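Enquirer: To start, I am sharing the structure in question, which I have written as structure tokens.
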Amino acid sequence: MKVFTPDAVAKAASNKYLGVLVAAKYARELNALPLEQSPYGARKLTTVAAEALTADEKKLQFRLVRTRPTFSN
């Protein structure tokens, strides 16, 4: 079992909370793939996403997008 420390996640993202959010969203994207087409097999997708985020070769890249606030009348 691999353990991801808050420091490792914070180093990959600007802080540990953003890192966990990015990894969770990536795990959801991986979960949308059919199991037969998944190159990860039976591995836990949250672990795969955390490994991709904290890898030295930057397997997972992300960007923050600001949205405009919507006002309702």
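A note on labels: chains of the structure tokens are A, B, ... as shown, every chain counts residues from 1, and ligands are counted from 1 in their shown order.
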What lies within 6 Å of segment 22-35 of chain A using only C-alpha atoms, ignoring chain neighbours under 4 positions off, as a PyMOL selection string?
Expert: chain A and resi 45-46+49-50
Enquirer: List every residue of chain A that DSSP, applied to the backbone, labels as helix (DSSP H, G or I), and write the result as a PyMOL selection string.
Expert: chain A and resi 6-12+16-31+45-54
Enquirer: For segment 13-21 of chain A, please output as a compact mmCIF listing (two decimals) with all heavy atoms, in the first residue's frame all residues within 12 Å (counting only C-alpha atoms; exclusion window: fewer than 6 positions along the same chain).
Expert:
```txt
# COMPACT_ATOMS: atom_id res chain seq x y z
N PHE A 4 0.33 8.56 0.47
CA PHE A 4 0.59 9.89 -0.07
C PHE A 4 0.46 10.90 1.06
O PHE A 4 -0.62 11.08 1.61
CB PHE A 4 -0.38 10.21 -1.21
CG PHE A 4 -0.28 9.24 -2.34
CD1 PHE A 4 -1.14 8.16 -2.43
CD2 PHE A 4 0.70 9.40 -3.30
CE1 PHE A 4 -1.03 7.26 -3.46
CE2 PHE A 4 0.82 8.49 -4.33
CZ PHE A 4 -0.04 7.43 -4.42
N THR A 5 1.55 11.55 1.38
CA THR A 5 1.54 12.51 2.48
C THR A 5 0.99 13.85 2.00
O THR A 5 1.04 14.16 0.81
CB THR A 5 2.96 12.73 3.03
OG1 THR A 5 3.78 13.29 2.00
CG2 THR A 5 3.57 11.42 3.51
N PRO A 6 0.47 14.66 2.92
CA PRO A 6 0.00 16.00 2.54
C PRO A 6 1.10 16.85 1.91
O PRO A 6 0.84 17.65 1.02
CB PRO A 6 -0.49 16.60 3.86
CG PRO A 6 -0.85 15.43 4.70
CD PRO A 6 0.13 14.34 4.31
N ASP A 7 2.35 16.65 2.36
CA ASP A 7 3.45 17.43 1.79
C ASP A 7 3.69 17.06 0.32
O ASP A 7 3.96 17.94 -0.51
CB ASP A 7 4.74 17.19 2.59
CG ASP A 7 4.67 17.81 3.97
OD1 ASP A 7 3.93 18.79 4.15
OD2 ASP A 7 5.37 17.30 4.87
N ALA A 27 -9.79 10.83 -10.84
CA ALA A 27 -10.28 9.48 -10.56
C ALA A 27 -11.69 9.30 -11.10
O ALA A 27 -12.03 8.22 -11.61
CB ALA A 27 -10.26 9.20 -9.05
N ARG A 28 -12.52 10.33 -11.05
CA ARG A 28 -13.86 10.25 -11.64
C ARG A 28 -13.79 10.09 -13.15
O ARG A 28 -14.59 9.36 -13.75
CB ARG A 28 -14.67 11.50 -11.30
CG ARG A 28 -15.24 11.44 -9.91
CD ARG A 28 -16.23 12.58 -9.69
NE ARG A 28 -16.01 13.07 -8.34
CZ ARG A 28 -15.56 14.26 -8.03
NH1 ARG A 28 -15.32 15.16 -8.94
NH2 ARG A 28 -15.37 14.60 -6.78
N THR A 46 -8.40 5.86 -7.21
CA THR A 46 -7.94 6.98 -6.39
C THR A 46 -6.43 6.90 -6.20
O THR A 46 -5.75 7.93 -6.20
CB THR A 46 -8.65 7.00 -5.03
OG1 THR A 46 -8.55 5.71 -4.42
CG2 THR A 46 -10.11 7.37 -5.19
N THR A 47 -5.91 5.69 -6.06
CA THR A 47 -4.46 5.52 -5.94
C THR A 47 -3.77 5.87 -7.25
O THR A 47 -2.73 6.52 -7.26
CB THR A 47 -4.13 4.08 -5.53
OG1 THR A 47 -4.80 3.77 -4.31
CG2 THR A 47 -2.64 3.88 -5.35
N ALA A 49 -4.82 7.98 -9.49
CA ALA A 49 -4.89 9.43 -9.64
C ALA A 49 -3.89 10.13 -8.74
O ALA A 49 -3.22 11.08 -9.17
CB ALA A 49 -6.31 9.91 -9.34
N ALA A 50 -3.73 9.68 -7.51
CA ALA A 50 -2.77 10.28 -6.60
C ALA A 50 -1.34 10.04 -7.08
O ALA A 50 -0.49 10.93 -6.98
CB ALA A 50 -2.95 9.73 -5.19
N GLU A 51 -1.06 8.85 -7.63
CA GLU A 51 0.26 8.57 -8.20
C GLU A 51 0.54 9.48 -9.39
O GLU A 51 1.65 9.99 -9.55
CB GLU A 51 0.36 7.11 -8.63
CG GLU A 51 0.52 6.14 -7.51
CD GLU A 51 0.48 4.69 -7.97
OE1 GLU A 51 0.14 4.44 -9.15
OE2 GLU A 51 0.78 3.82 -7.15
N ALA A 52 -0.46 9.69 -10.23
CA ALA A 52 -0.29 10.55 -11.41
C ALA A 52 -0.03 11.99 -11.00
O ALA A 52 0.76 12.69 -11.62
CB ALA A 52 -1.52 10.47 -12.31
N LEU A 53 -0.67 12.43 -9.93
CA LEU A 53 -0.50 13.81 -9.47
C LEU A 53 0.88 14.01 -8.84
O LEU A 53 1.53 15.03 -9.09
CB LEU A 53 -1.59 14.17 -8.45
CG LEU A 53 -1.52 15.57 -7.88
CD1 LEU A 53 -1.80 16.60 -8.95
CD2 LEU A 53 -2.49 15.73 -6.73
N THR A 54 1.34 13.06 -8.06
CA THR A 54 2.59 13.24 -7.32
C THR A 54 3.82 12.70 -8.05
O THR A 54 4.92 12.80 -7.53
CB THR A 54 2.50 12.56 -5.94
OG1 THR A 54 2.21 11.17 -6.11
CG2 THR A 54 1.43 13.21 -5.08
N ALA A 55 3.65 12.15 -9.25
CA ALA A 55 4.79 11.60 -10.00
C ALA A 55 5.75 12.71 -10.39
O ALA A 55 5.35 13.85 -10.64
CB ALA A 55 4.29 10.88 -11.25
N LYS A 58 5.36 14.39 -14.00
CA LYS A 58 4.15 15.19 -14.23
C LYS A 58 3.19 14.51 -15.21
O LYS A 58 2.93 14.99 -16.29
CB LYS A 58 4.50 16.59 -14.74
CG LYS A 58 5.36 17.37 -13.80
CD LYS A 58 4.62 17.70 -12.54
CE LYS A 58 5.51 18.48 -11.61
NZ LYS A 58 5.05 18.52 -10.28
N LEU A 60 0.06 14.12 -14.65
CA LEU A 60 -1.23 14.79 -14.56
C LEU A 60 -1.01 16.30 -14.50
O LEU A 60 -0.34 16.79 -13.60
CB LEU A 60 -1.99 14.32 -13.30
CG LEU A 60 -3.34 14.94 -13.03
CD1 LEU A 60 -4.30 14.64 -14.17
CD2 LEU A 60 -3.91 14.39 -11.74
N GLN A 61 -1.53 16.99 -15.49
CA GLN A 61 -1.44 18.44 -15.50
C GLN A 61 -2.84 19.01 -15.38
O GLN A 61 -3.79 18.45 -15.91
CB GLN A 61 -0.79 18.92 -16.80
CG GLN A 61 0.63 18.45 -16.95
CD GLN A 61 1.24 18.89 -18.26
OE1 GLN A 61 0.59 19.53 -19.07
NE2 GLN A 61 2.48 18.53 -18.48
N PHE A 62 -2.95 20.14 -14.70
CA PHE A 62 -4.26 20.76 -14.52
C PHE A 62 -4.09 22.27 -14.56
O PHE A 62 -3.00 22.80 -14.46
CB PHE A 62 -4.89 20.32 -13.19
CG PHE A 62 -4.13 20.79 -11.98
CD1 PHE A 62 -4.49 21.98 -11.35
CD2 PHE A 62 -3.07 20.08 -11.47
CE1 PHE A 62 -3.80 22.43 -10.24
CE2 PHE A 62 -2.37 20.51 -10.36
CZ PHE A 62 -2.74 21.69 -9.75
N ARG A 63 -5.21 22.94 -14.74
CA ARG A 63 -5.21 24.40 -14.67
C ARG A 63 -6.49 24.84 -13.99
O ARG A 63 -7.52 24.16 -14.09
CB ARG A 63 -5.09 25.03 -16.06
CG ARG A 63 -6.22 24.70 -16.98
CD ARG A 63 -5.95 25.23 -18.39
NE ARG A 63 -6.94 24.73 -19.31
CZ ARG A 63 -8.03 25.41 -19.67
NH1 ARG A 63 -8.25 26.62 -19.21
NH2 ARG A 63 -8.87 24.88 -20.51
N LEU A 64 -6.42 25.95 -13.31
CA LEU A 64 -7.58 26.50 -12.64
C LEU A 64 -8.27 27.47 -13.59
O LEU A 64 -7.63 28.30 -14.22
CB LEU A 64 -7.16 27.24 -11.37
CG LEU A 64 -6.50 26.38 -10.30
CD1 LEU A 64 -6.09 27.25 -9.12
CD2 LEU A 64 -7.44 25.29 -9.84
```
